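start.txt (compact mmCIF, C-alpha atoms and all ligand atoms) appears below.
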# COMPACT_ATOMS: atom_id res chain seq x y z
CA MET A 16 -8.77 49.09 -92.75
CA LEU A 17 -5.55 50.40 -94.24
CA ALA A 18 -6.75 51.22 -97.73
CA ALA A 19 -9.37 53.69 -96.56
CA MET A 20 -7.08 55.63 -94.28
CA PRO A 21 -5.27 58.90 -95.16
CA PRO A 22 -1.49 58.93 -95.49
CA THR A 23 0.59 59.47 -92.38
CA PRO A 24 2.15 62.93 -91.95
CA ASP A 25 5.66 61.49 -92.04
CA ALA A 26 5.01 59.39 -95.11
CA THR A 27 7.83 58.81 -97.55
CA ALA A 28 7.15 59.38 -101.21
CA PRO A 29 5.44 56.39 -102.77
CA GLY A 30 8.00 53.84 -103.71
CA ALA A 31 10.87 55.78 -102.15
CA ALA A 32 13.61 53.55 -100.82
CA VAL A 33 11.40 50.52 -101.34
CA PRO A 34 13.23 47.46 -102.63
CA ASP A 35 11.98 45.90 -105.82
CA ARG A 36 9.20 43.51 -104.82
CA GLY A 37 8.24 42.62 -108.35
CA ARG A 38 9.04 38.97 -107.78
CA ALA A 39 7.71 36.50 -105.24
CA ASP A 40 9.81 36.04 -102.13
CA ALA A 41 11.99 32.93 -102.13
CA CYS A 42 11.65 32.12 -98.43
CA PRO A 43 12.02 28.40 -97.81
CA GLY A 44 9.33 26.42 -96.04
CA ALA A 45 8.56 22.91 -94.89
CA LEU A 46 7.25 22.07 -98.35
CA ARG A 47 9.32 24.47 -100.44
CA LEU A 48 12.88 23.25 -99.86
CA HIS A 49 15.72 25.65 -100.56
CA PRO A 50 18.74 24.25 -102.44
CA ALA A 51 21.72 25.24 -100.27
CA ASP A 52 25.34 24.28 -100.80
CA ASP A 53 25.18 21.64 -98.06
CA GLY A 54 21.95 20.07 -99.40
CA ALA A 55 18.33 21.12 -99.31
CA LEU A 56 17.07 23.26 -96.43
CA ALA A 57 13.60 23.15 -94.87
CA ARG A 58 12.24 25.88 -92.60
CA ILE A 59 9.48 24.72 -90.28
CA ARG A 60 7.31 27.49 -88.87
CA LEU A 61 6.56 27.18 -85.16
CA PRO A 62 4.11 29.93 -84.19
CA GLY A 63 5.18 31.42 -80.87
CA GLY A 64 8.13 28.98 -80.91
CA LEU A 65 5.79 26.54 -79.19
CA LEU A 66 6.56 22.81 -79.26
CA THR A 67 5.33 19.82 -77.31
CA ASP A 68 7.96 17.28 -76.31
CA ARG A 69 6.52 14.86 -78.91
CA GLN A 70 6.81 17.45 -81.67
CA ALA A 71 10.36 18.31 -80.60
CA LEU A 72 11.39 14.66 -80.71
CA ALA A 73 9.84 14.29 -84.16
CA LEU A 74 12.03 17.16 -85.38
CA ALA A 75 15.16 15.49 -83.97
CA GLU A 76 14.23 12.23 -85.66
CA ALA A 77 13.64 14.02 -88.98
CA ALA A 78 16.99 15.80 -88.69
CA GLU A 79 18.76 12.47 -88.21
CA ALA A 80 16.81 10.44 -90.74
CA LEU A 81 16.61 13.02 -93.53
CA GLY A 82 19.18 15.74 -92.84
CA ASP A 83 22.61 16.35 -91.36
CA GLY A 84 21.49 15.53 -87.81
CA GLU A 85 21.45 19.17 -86.67
CA LEU A 86 18.58 21.50 -85.78
CA GLU A 87 18.99 25.20 -86.42
CA THR A 88 16.79 27.77 -84.70
CA THR A 89 16.03 31.06 -86.43
CA SER A 90 15.54 34.67 -85.37
CA ARG A 91 11.79 34.04 -85.49
CA GLY A 92 11.81 31.00 -83.23
CA ASN A 93 11.45 28.61 -86.16
CA VAL A 94 13.53 25.50 -86.90
CA GLN A 95 15.57 24.69 -89.99
CA LEU A 96 16.76 21.28 -91.09
CA ARG A 97 19.77 21.23 -93.41
CA GLY A 98 21.61 18.73 -95.56
CA LEU A 99 18.35 17.21 -96.80
CA ALA A 100 18.09 15.11 -99.94
CA PRO A 101 16.22 17.12 -102.59
CA ASP A 102 13.54 14.43 -102.88
CA CYS A 103 12.75 14.02 -99.17
CA GLY A 104 9.94 16.59 -99.15
CA ALA A 105 7.06 14.09 -99.08
CA GLU A 106 8.53 12.11 -96.20
CA LEU A 107 9.31 15.28 -94.24
CA ALA A 108 5.75 16.51 -94.77
CA ASP A 109 4.37 13.17 -93.52
CA ARG A 110 6.51 13.34 -90.39
CA LEU A 111 5.45 16.94 -89.66
CA ARG A 112 1.78 16.27 -90.36
CA ALA A 113 1.78 13.29 -87.98
CA VAL A 114 2.63 15.52 -85.02
CA GLY A 115 0.57 18.56 -85.98
CA LEU A 116 3.43 20.68 -87.33
CA LEU A 117 1.90 21.07 -90.77
CA PRO A 118 -1.69 22.20 -90.19
CA SER A 119 -1.95 23.83 -93.62
CA GLU A 120 -0.05 23.09 -96.82
CA THR A 121 -1.20 26.33 -98.43
CA HIS A 122 -0.35 28.60 -95.51
CA GLU A 123 2.71 27.01 -93.96
CA ARG A 124 5.10 29.81 -94.99
CA VAL A 125 2.96 32.64 -93.62
CA ARG A 126 2.71 31.27 -90.06
CA ASN A 127 5.41 33.68 -88.89
CA ILE A 128 4.39 34.53 -85.33
CA VAL A 129 6.74 35.44 -82.51
CA ALA A 130 5.48 35.73 -78.93
CA SER A 131 6.96 36.63 -75.54
CA PRO A 132 8.65 33.36 -74.50
CA LEU A 133 8.19 33.91 -70.76
CA ALA A 134 4.48 34.78 -71.00
CA GLY A 135 2.58 33.42 -68.03
CA LEU A 136 5.71 32.08 -66.31
CA ASP A 137 7.33 34.88 -64.33
CA ALA A 138 4.12 36.95 -64.10
CA PRO A 139 1.30 34.39 -64.12
CA ALA A 140 -1.37 37.08 -64.05
CA GLY A 141 -0.03 38.70 -67.23
CA ALA A 142 -1.52 38.34 -70.68
CA ASP A 143 -1.59 34.78 -71.99
CA VAL A 144 -0.24 35.50 -75.43
CA ARG A 145 -0.21 31.76 -76.17
CA ALA A 146 -3.99 31.95 -76.55
CA TRP A 147 -3.49 34.76 -79.07
CA VAL A 148 -0.85 32.67 -80.87
CA ARG A 149 -3.18 29.72 -81.27
CA GLU A 150 -6.14 31.83 -82.36
CA LEU A 151 -4.07 33.86 -84.81
CA ASP A 152 -2.48 30.74 -86.30
CA ALA A 153 -5.83 28.98 -86.73
CA ARG A 154 -7.57 31.99 -88.27
CA LEU A 155 -4.58 32.78 -90.51
CA CYS A 156 -4.60 29.23 -91.86
CA ALA A 157 -8.37 29.50 -92.46
CA SER A 158 -8.09 32.75 -94.44
CA ASP A 159 -7.70 32.44 -98.21
CA TRP A 160 -6.40 36.02 -98.52
CA ALA A 161 -3.47 35.23 -96.17
CA THR A 162 -1.68 33.22 -98.88
CA GLY A 163 -0.96 36.62 -100.45
CA LEU A 164 1.38 37.53 -97.58
CA SER A 165 5.10 37.14 -98.06
CA GLY A 166 6.90 34.30 -96.28
CA LYS A 167 8.82 37.12 -94.55
CA PHE A 168 5.76 38.91 -93.09
CA LEU A 169 6.02 38.81 -89.29
CA PHE A 170 3.45 39.03 -86.49
CA ALA A 171 4.67 39.80 -82.95
CA LEU A 172 2.52 39.17 -79.87
CA ASP A 173 4.07 40.84 -76.85
CA ASP A 174 2.77 40.21 -73.34
CA GLY A 175 3.65 43.76 -72.32
CA ARG A 176 7.29 43.34 -71.36
CA GLY A 177 8.52 44.78 -74.66
CA ASP A 178 10.66 41.83 -75.76
CA VAL A 179 9.26 40.74 -79.12
CA ALA A 180 7.87 44.25 -79.67
CA ALA A 181 11.47 45.21 -80.52
CA LEU A 182 11.78 42.71 -83.36
CA ASP A 183 10.69 44.99 -86.21
CA ALA A 184 7.59 42.94 -86.99
CA ASP A 185 5.00 43.99 -89.54
CA VAL A 186 2.10 43.82 -87.10
CA THR A 187 2.82 44.00 -83.36
CA LEU A 188 0.19 43.49 -80.66
CA ILE A 189 1.23 44.57 -77.17
CA ALA A 190 -0.79 43.58 -74.11
CA ALA A 191 -1.26 46.11 -71.31
CA SER A 192 -2.07 45.34 -67.70
CA ASN A 193 -4.11 48.49 -67.16
CA GLY A 194 -5.80 49.20 -70.46
CA PRO A 195 -6.49 47.98 -73.95
CA ALA A 196 -3.88 46.15 -75.99
CA LEU A 197 -2.01 48.27 -78.51
CA LEU A 198 -1.55 47.53 -82.19
CA ARG A 199 1.58 48.81 -83.90
CA LEU A 200 1.83 48.83 -87.70
CA GLY A 201 5.30 48.56 -89.19
CA ARG A 202 7.69 50.99 -87.52
CA SER A 203 5.11 53.57 -86.56
CA PRO A 204 5.84 55.34 -83.24
CA LEU A 205 2.07 55.59 -82.63
CA ALA A 206 -0.14 52.61 -81.85
CA HIS A 207 -3.87 51.90 -82.07
CA PRO A 208 -5.80 50.84 -78.94
CA VAL A 209 -7.74 47.61 -79.52
CA GLU A 210 -11.08 46.73 -77.98
CA ALA A 211 -10.85 43.82 -75.52
CA GLY A 212 -11.67 40.53 -77.21
CA GLN A 213 -10.91 41.93 -80.67
CA GLU A 214 -7.12 41.66 -80.47
CA VAL A 215 -6.58 38.87 -82.98
CA THR A 216 -9.25 40.26 -85.30
CA ALA A 217 -7.40 43.59 -85.33
CA VAL A 218 -4.10 41.85 -86.17
CA LEU A 219 -5.68 39.97 -89.05
CA GLU A 220 -7.45 43.07 -90.34
CA ALA A 221 -4.16 44.95 -90.36
CA ALA A 222 -2.51 42.26 -92.50
CA ARG A 223 -5.48 41.99 -94.81
CA GLY A 224 -5.71 45.76 -95.12
CA PHE A 225 -2.03 45.90 -96.08
CA LEU A 226 -2.65 43.55 -99.00
CA ALA A 227 -5.77 45.48 -100.02
CA ALA A 228 -3.91 48.81 -99.89
CA LEU A 229 -1.13 47.42 -102.10
CA ARG A 230 -3.72 46.31 -104.65
CA THR A 231 -5.58 49.63 -104.53
CA HIS A 232 -2.43 51.68 -105.02
CA GLY A 233 -0.70 49.30 -107.45
CA ARG A 234 2.25 48.89 -105.11
CA ARG A 235 4.44 45.90 -104.31
CA ALA A 236 5.95 45.29 -100.88
CA TRP A 237 6.70 42.45 -98.50
CA HIS A 238 6.57 44.56 -95.33
CA LEU A 239 4.43 47.35 -93.87
CA ARG A 240 7.55 49.40 -93.19
CA GLU A 241 8.11 49.62 -96.96
CA VAL A 242 4.85 51.53 -97.47
CA PRO A 243 4.52 53.86 -94.45
CA ASP A 244 2.39 56.25 -96.52
CA LEU A 245 -0.35 53.62 -96.69
CA LEU A 246 -0.58 53.08 -92.93
CA PRO A 247 -3.26 54.67 -90.74
CA VAL A 248 -1.94 57.00 -88.06
CA GLY A 249 -2.12 55.65 -84.52
CA SER A 250 -3.01 57.72 -81.46
CA VAL A 251 -0.96 56.28 -78.60
CA PRO A 252 2.80 56.96 -78.32
CA LEU A 253 4.71 53.76 -77.70
CA PRO A 254 7.53 53.60 -75.17
CA ALA A 255 10.77 52.18 -76.55
CA PRO A 256 10.61 48.40 -76.17
CA ALA A 257 13.36 46.84 -74.06
CA GLY A 258 13.97 44.03 -76.53
CA GLU A 259 15.60 41.85 -73.91
CA ALA A 260 15.99 38.10 -74.45
CA PRO A 261 15.15 35.87 -71.48
CA PRO A 262 18.20 35.42 -69.25
CA VAL A 263 19.61 31.88 -69.18
CA GLY A 264 19.43 29.62 -66.14
CA ALA A 265 16.69 28.97 -63.61
CA LEU A 266 13.79 31.42 -63.89
CA PRO A 267 10.48 31.73 -62.09
CA GLY A 268 8.36 29.08 -63.77
CA GLY A 269 11.05 27.15 -65.62
CA LEU A 270 14.48 27.08 -67.22
CA SER A 271 16.05 29.02 -70.07
CA VAL A 272 19.08 27.94 -72.11
CA GLY A 273 21.18 29.33 -74.94
CA MET A 274 22.52 27.41 -77.93
CA ARG A 275 25.75 28.17 -79.77
CA PHE A 276 24.64 30.02 -82.89
CA GLY A 277 21.19 28.56 -82.29
CA ARG A 278 22.25 25.10 -83.38
CA ALA A 279 21.87 21.78 -81.59
CA SER A 280 22.59 18.21 -82.62
CA ALA A 281 19.74 15.72 -82.43
CA GLY A 282 21.43 14.29 -79.32
CA GLN A 283 21.55 17.70 -77.63
CA TRP A 284 17.96 18.27 -78.65
CA ARG A 285 16.92 15.03 -76.92
CA THR A 286 18.65 16.21 -73.75
CA LEU A 287 16.62 19.41 -73.99
CA VAL A 288 13.40 17.45 -74.37
CA ALA A 289 14.33 15.15 -71.47
CA ALA A 290 14.86 18.19 -69.24
CA SER A 291 11.51 19.69 -70.19
CA ALA A 292 8.20 19.21 -68.43
CA GLY A 293 6.51 18.44 -71.74
CA GLU A 294 6.64 21.88 -73.36
CA LEU A 295 9.39 23.84 -75.13
CA ARG A 296 9.35 27.44 -76.32
CA LEU A 297 12.02 28.38 -78.86
CA THR A 298 12.91 32.03 -78.59
CA PRO A 299 13.64 34.54 -81.38
CA TRP A 300 17.07 34.90 -79.71
CA ARG A 301 17.89 31.32 -80.65
CA GLY A 302 17.47 29.86 -77.20
CA ALA A 303 14.84 27.72 -75.54
CA VAL A 304 12.57 28.16 -72.52
CA LEU A 305 11.38 25.04 -70.72
CA PRO A 306 8.23 25.92 -68.74
CA GLY A 307 7.90 23.96 -65.52
CA ALA A 308 11.38 22.40 -65.75
CA THR A 309 13.30 22.31 -62.50
CA ALA A 310 16.78 23.60 -61.68
CA ASP A 311 18.15 20.11 -61.00
CA ARG A 312 18.15 19.67 -64.82
CA LEU A 313 20.65 22.48 -65.38
CA PRO A 314 23.86 20.39 -64.89
CA ALA A 315 22.76 17.91 -67.58
CA LEU A 316 21.93 20.76 -69.94
CA ALA A 317 25.28 22.44 -69.31
CA ALA A 318 27.11 19.15 -69.85
CA ALA A 319 25.31 18.75 -73.17
CA GLY A 320 26.69 22.12 -74.33
CA PHE A 321 23.80 24.47 -73.63
CA ARG A 322 24.53 27.87 -72.11
CA THR A 323 22.98 27.92 -68.65
CA GLU A 324 24.84 30.74 -66.90
CA PRO A 325 24.52 34.44 -67.73
CA GLY A 326 27.47 36.73 -68.33
CA SER A 327 29.10 35.08 -71.34
CA ALA A 328 30.34 36.72 -74.53
CA TRP A 329 28.12 34.18 -76.31
CA GLU A 330 25.05 36.08 -75.16
CA ARG A 331 23.29 37.62 -78.16
CA ALA A 332 26.06 36.41 -80.49
CA THR A 333 24.87 35.07 -83.83
CA ALA A 334 26.37 34.15 -87.18
CA CYS A 335 25.10 33.36 -90.64
CA THR A 336 25.66 29.92 -92.16
CA GLY A 337 28.96 30.77 -93.84
CA LEU A 338 31.27 28.15 -95.30
CA PRO A 339 30.83 25.29 -95.95
CA GLY A 340 27.01 25.57 -96.02
CA CYS A 341 26.89 28.73 -98.15
CA ALA A 342 29.19 29.12 -101.15
CA LYS A 343 28.69 32.92 -101.13
CA SER A 344 30.62 33.14 -97.90
CA LEU A 345 34.19 34.42 -97.79
CA ALA A 346 34.95 32.52 -94.56
CA ASP A 347 33.92 29.80 -92.13
CA VAL A 348 32.31 32.50 -90.02
CA ARG A 349 30.99 30.21 -87.30
CA ALA A 350 34.38 28.67 -86.65
CA ASP A 351 36.05 32.10 -86.63
CA ALA A 352 33.33 33.60 -84.43
CA ALA A 353 33.52 30.69 -81.96
CA LEU A 354 37.27 31.24 -81.56
CA ALA A 355 36.75 34.95 -80.92
CA LEU A 356 33.93 34.39 -78.44
CA ASP A 357 35.73 31.61 -76.57
CA ALA A 358 38.79 33.88 -76.26
CA GLN A 359 36.82 36.33 -74.14
CA ALA A 360 36.83 35.78 -70.41
CA ALA A 361 33.84 34.11 -68.79
CA GLY A 362 31.67 36.66 -67.08
CA GLU A 363 32.82 39.47 -69.36
CA PHE A 364 30.08 42.02 -70.06
CA ALA A 365 28.76 41.27 -73.54
CA GLY A 366 27.00 44.56 -74.40
CA LEU A 367 25.48 45.00 -77.86
CA PRO A 368 24.34 42.01 -79.92
CA VAL A 369 26.93 40.86 -82.44
CA HIS A 370 26.44 39.08 -85.76
CA TRP A 371 29.06 37.52 -88.05
CA SER A 372 28.31 37.42 -91.80
CA GLY A 373 30.14 35.74 -94.65
CA CYS A 374 28.97 38.29 -97.22
CA GLU A 375 27.15 41.60 -97.52
CA ARG A 376 23.69 40.00 -97.39
CA ARG A 377 24.13 39.60 -93.61
CA CYS A 378 21.48 36.87 -93.34
CA GLY A 379 19.80 36.69 -89.93
CA HIS A 380 21.26 39.88 -88.50
CA PRO A 381 19.52 41.28 -85.39
CA ALA A 382 17.18 44.25 -85.31
CA GLY A 383 18.02 47.49 -83.47
CA ARG A 384 21.59 48.39 -82.60
CA TRP A 385 24.19 45.68 -83.19
CA VAL A 386 27.81 44.95 -84.03
CA ASP A 387 28.31 43.82 -87.61
CA VAL A 388 31.32 41.55 -88.21
CA LEU A 389 31.63 41.07 -91.95
CA ALA A 390 34.07 38.73 -93.71
CA THR A 391 36.23 40.58 -96.25
CA GLY A 392 38.30 37.72 -97.62
CA HIS A 393 41.35 38.84 -95.68
CA GLY A 394 39.85 39.18 -92.23
CA TYR A 395 36.75 40.96 -90.95
CA ARG A 396 35.30 44.46 -90.81
CA VAL A 397 33.77 45.40 -87.45
CA THR A 398 31.07 48.08 -87.51
CA VAL A 399 28.32 49.23 -85.14
CA HIS A 400 24.96 49.57 -86.87
CA GLY A 401 21.59 50.90 -85.83
CA PRO A 402 20.08 53.88 -84.08
CA ALA A 403 21.86 55.13 -80.98
CA THR A 404 18.56 56.05 -79.37
CA ALA A 405 16.50 53.07 -78.31
CA GLY A 406 13.11 53.05 -79.95
CA SER A 407 13.95 55.24 -82.92
CA PRO A 408 13.32 53.66 -86.31
CA ALA A 409 15.90 51.04 -87.20
CA ASP A 410 16.86 52.83 -90.39
CA ALA A 411 17.10 56.30 -88.83
CA GLY A 412 20.42 57.73 -87.70
CA ASN A 413 22.25 54.62 -88.84
CA ALA A 414 25.65 55.94 -87.83
CA ASP A 415 28.72 53.73 -88.01
CA VAL A 416 30.55 54.53 -84.79
CA ALA A 417 33.24 51.92 -85.14
CA ASN A 418 34.62 50.70 -88.41
CA ALA A 419 37.73 48.60 -88.31
CA ASP A 420 39.30 46.00 -90.57
CA VAL A 421 40.83 43.33 -88.39
CA ARG A 422 42.72 40.11 -88.86
CA ASN A 423 41.32 36.99 -87.21
CA GLU A 424 43.78 37.13 -84.32
CA GLU A 425 42.68 40.70 -83.50
CA MET A 426 38.98 39.98 -83.77
CA ALA A 427 38.14 39.04 -80.16
CA GLU A 428 39.38 42.35 -78.83
CA ALA A 429 37.86 44.43 -81.64
CA VAL A 430 34.46 42.80 -81.22
CA ALA A 431 34.51 43.12 -77.43
CA GLU A 432 35.32 46.81 -77.75
CA ALA A 433 32.61 47.43 -80.35
CA ARG A 434 30.05 45.68 -78.15
CA ARG A 435 30.83 48.10 -75.35
CA THR A 436 29.87 51.03 -77.60
CA THR A 437 27.36 53.25 -75.86
CA LYS A 438 27.15 56.42 -77.97
S1 LIG B 1 25.18 36.31 -95.25
FE1 LIG B 1 26.04 35.66 -97.23
S2 LIG B 1 27.49 34.06 -96.67
FE2 LIG B 1 26.11 34.29 -94.94
S3 LIG B 1 24.48 32.79 -95.27
FE3 LIG B 1 23.78 34.76 -96.14
S4 LIG B 1 24.36 34.63 -98.31
FE4 LIG B 1 25.56 33.05 -97.24
If you convert what's in this file into structure tokens, what do you get?
Amino acid sequence: MLAAMPPTPDATAPGAAVPDRGRADACPGALRLHPADDGALARIRLPGGLLTDRQALALAEAAEALGDGELETTSRGNVQLRGLAPDCGAELADRLRAVGLLPSETHERVRNIVASPLAGLDAPAGADVRAWVRELDARLCASDWATGLSGKFLFALDDGRGDVAALDADVTLIAASNGPALLRLGRSPLAHPVEAGQEVTAVLEAARGFLAALRTHGRRAWHLREVPDLLPVGSVPLPAPAGEAPPVGALPGGLSVGMRFGRASAGQWRTLVAASAGELRLTPWRGAVLPGATADRLPALAAAGFRTEPGSAWERATACTGLPGCAKSLADVRADAALALDAQAAGEFAGLPVHWSGCERRCGHPAGRWVDVLATGHGYRVTVHGPATAGSPADAGNADVANADVRNEEMAEAVAEARRTTK
């Protein structure tokens, strides 16, 4: 599909501003463990963030038996286990396979699918993107060509509310209540209408066409946004996606909770499973939705350390691993960030997302407009990144509107102020 199409009018010059993709990506997986400074790390893909209670318990058991006893959620609704022995891969694979979390050994790193976590809960008549998730996952795993995708290539299946559509995915499918679903390629402002019943086929064709276009033009890229000149021009303008995470607390159809920096101990995780009605959905905002769970479970979740009430500075606050897990870090960013966030009053308006990083790589930073808190070795630099106008490309108009070097004791105030930035 992509290779045969003419260049887009706003195409960048071939290769312009495209990072060197001459080497394979080093993304960890469930079978390809990454040697981190606190032991090996495994990333387990969970398409749509979907887990049964049995699968969730198996992850907690694996974290305790093989790792450091913690489960870390990612910005794609996946789970990471850390502190693993370098030779535990076979046992981890056996544990995952036993509960259906390793359906393909050849494709496990390309099962990067995010989906609207509240789909079917608060608007039961809306699109059931879970059916798309399952079909896409199964067909992806059955496609030989798909092993050519990078472990970073992302599919987003949005039920029409514009939440995961804001996550800068490579291929985004957006359901519509009064018309055909729309397919967005990379960061294009124009989408393609998709014939009913052909939604997942269109998503797969877009990914396959991307690989074919790279081959045809002798280009290397991990993401569609790196080769906008190879993308076909869409016909339907897309409204700016809201990009809102589910609020925490009791919701129509279930419960939603937040986790501090997306991490939970195996014990906390078991509390989460016990509160569920048999199904968990991990969100790309490092929280969890429990479909069908009832509000009487909220006190137990709050007591276990989950965020269950909205209006906290912890909302949309993330941090990279930092010290001691990553030797590149200039600080224990999670400890410093926790102090700054706890120092802010409960109920204080949080504003923009904020992300703490121990070095310039800024692992796991959010998409869109966000507050960047970067360790400098003698404190932190606080900067606002991203386009001021919602919906404009993430790398357009990247103006720094606040840029301050602060000592740790000044950080809470500086971050709170930067998060209130509106211009
Ligand atoms: S941003 Fe830097 S310090 Fe933080 S996890 Fe990534 S490499 Fe390590």
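Minimum atom-to-atom distances from A:Leu74, A:Leu338, A:Val129, A:Ala211 to ligand LIG 1 (chain B) were compared using all atoms listed in the file, and the lowest value belongs to A:Leu338.
Comparing A:Ala315, A:Arg199, A:Gly269, A:Asp52 by their smallest distance to ligand LIG 1 (chain B), the closest is A:Asp52 (using only C-alpha atoms and all ligand atoms).
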From the options A:Met426, A:Val272, A:Ala303, A:Ala358, which residue's atoms come nearest to Ala317 in chain A, counting only C-alpha atoms? A:Val272
Two-atom distance - CA of Val148 in chain A, CA of Ala77 in chain A (Å): 25.0 Å
List as CSV every residue of chain A that is in contact with ligand LIG 1 (chain B), defined as an atom at most 9 Å from one of its atoms (using all atoms listed in the file), together with the nearest atom pair and the distance in Å rounded to one decimal, sorted by chain and then rising number.
residue,atom,partner,partner_atom,distance
A:Ala334,CA,B:LIG1,FE2,7.8
A:Cys335,CA,B:LIG1,FE2,4.5
A:Thr336,CA,B:LIG1,S3,4.4
A:Gly337,CA,B:LIG1,S2,4.6
A:Leu338,CA,B:LIG1,S2,7.1
A:Gly340,CA,B:LIG1,S3,7.7
A:Cys341,CA,B:LIG1,FE4,4.6
A:Ala342,CA,B:LIG1,FE4,6.6
A:Lys343,CA,B:LIG1,S2,4.8
A:Ser344,CA,B:LIG1,S2,3.5
A:Leu345,CA,B:LIG1,S2,6.8
A:Ala346,CA,B:LIG1,S2,7.9
A:Asp347,CA,B:LIG1,S2,9.0
A:Val348,CA,B:LIG1,FE2,8.1
A:Trp371,CA,B:LIG1,FE2,8.2
A:Ser372,CA,B:LIG1,S1,4.8
A:Gly373,CA,B:LIG1,S2,3.7
A:Cys374,CA,B:LIG1,FE1,3.9
A:Glu375,CA,B:LIG1,FE1,6.0
A:Arg376,CA,B:LIG1,S1,4.5
A:Arg377,CA,B:LIG1,S1,3.8
A:Cys378,CA,B:LIG1,FE3,4.2
A:Gly379,CA,B:LIG1,S1,7.6
A:His380,CA,B:LIG1,S1,8.6
A:Leu389,CA,B:LIG1,S1,8.7
A:Ala390,CA,B:LIG1,S2,8.6
Selection near Leu155 in chain A, 12 Å with all atoms listed in the file, sequence-local residues under 6 positions removed, as a list in words: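 Near Leu155 in chain A, the qualifying residues are Pro62, Pro118, Ser119, Thr121, His122, Glu123, Arg124, Val125, Arg126, Asn127, Ile128, Trp147, Val148, Arg149, Ala161, Thr162, Gly163, Leu164, Phe170, Val215, Thr216, Val218, Leu219, Glu220, Ala222 and Arg223 of chain A.
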In file coordinates, which residues lie within 12 Å of (3.5, 40.9, -75.8) using only C-alpha atoms, given as a ChimeraX atom specification? /A:63,128-135,141-148,170-182,186-192,196-199,214,256-258
Find the distance between CA of Val397 in chain A and CA of Arg322 in chain A and write it in Å to one decimal.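 Separation between CA of Val397 in chain A and CA of Arg322 in chain A: 25.1 Å.
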How many Å lie between CA of Asp311 in chain A and CA of Phe276 in chain A, rounded to one decimal?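 About the pair CA of Asp311 in chain A and CA of Phe276 in chain A: they are 24.9 Å apart.
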Using all atoms listed in the file, what table do you get, as a tab-separated table, when you list each residue of range 107-216 of chain A with an atom no more than 8 Å from range 241-246 of chain A, its nearest pair of atoms, and their distance in Å rounded to one decimal, rows by chain then rising number?
residue	atom	partner	partner_atom	distance
A:Leu200	CA	A:Leu246	CA	7.2
A:Gly201	CA	A:Pro243	CA	7.5
A:Ser203	CA	A:Pro243	CA	7.9
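Nearest residue to Arg110 in chain A among A:Gln70, A:Ser90, A:Gln213, A:Gln95 is A:Gln70, counting only C-alpha atoms.
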Which residues are near Val251 in chain A? Cut-off 7 Å, all atoms listed in the file, ignore same chain within fewer than 4 positions. Put them as JSON, numbers by chain. {"A": [205, 206, 207]}
For Pro314 in chain A, which of A:Leu48, A:Leu107, A:Ala431, A:Leu270 is the closest residue, counting only C-alpha atoms?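 Closest to Pro314 in chain A of all the choices is A:Leu270.
Across A:Pro247, A:Gly307, A:Gly273, A:Gly264, the tightest approach to Ala221 in chain A is made by A:Pro247 when counting only C-alpha atoms.
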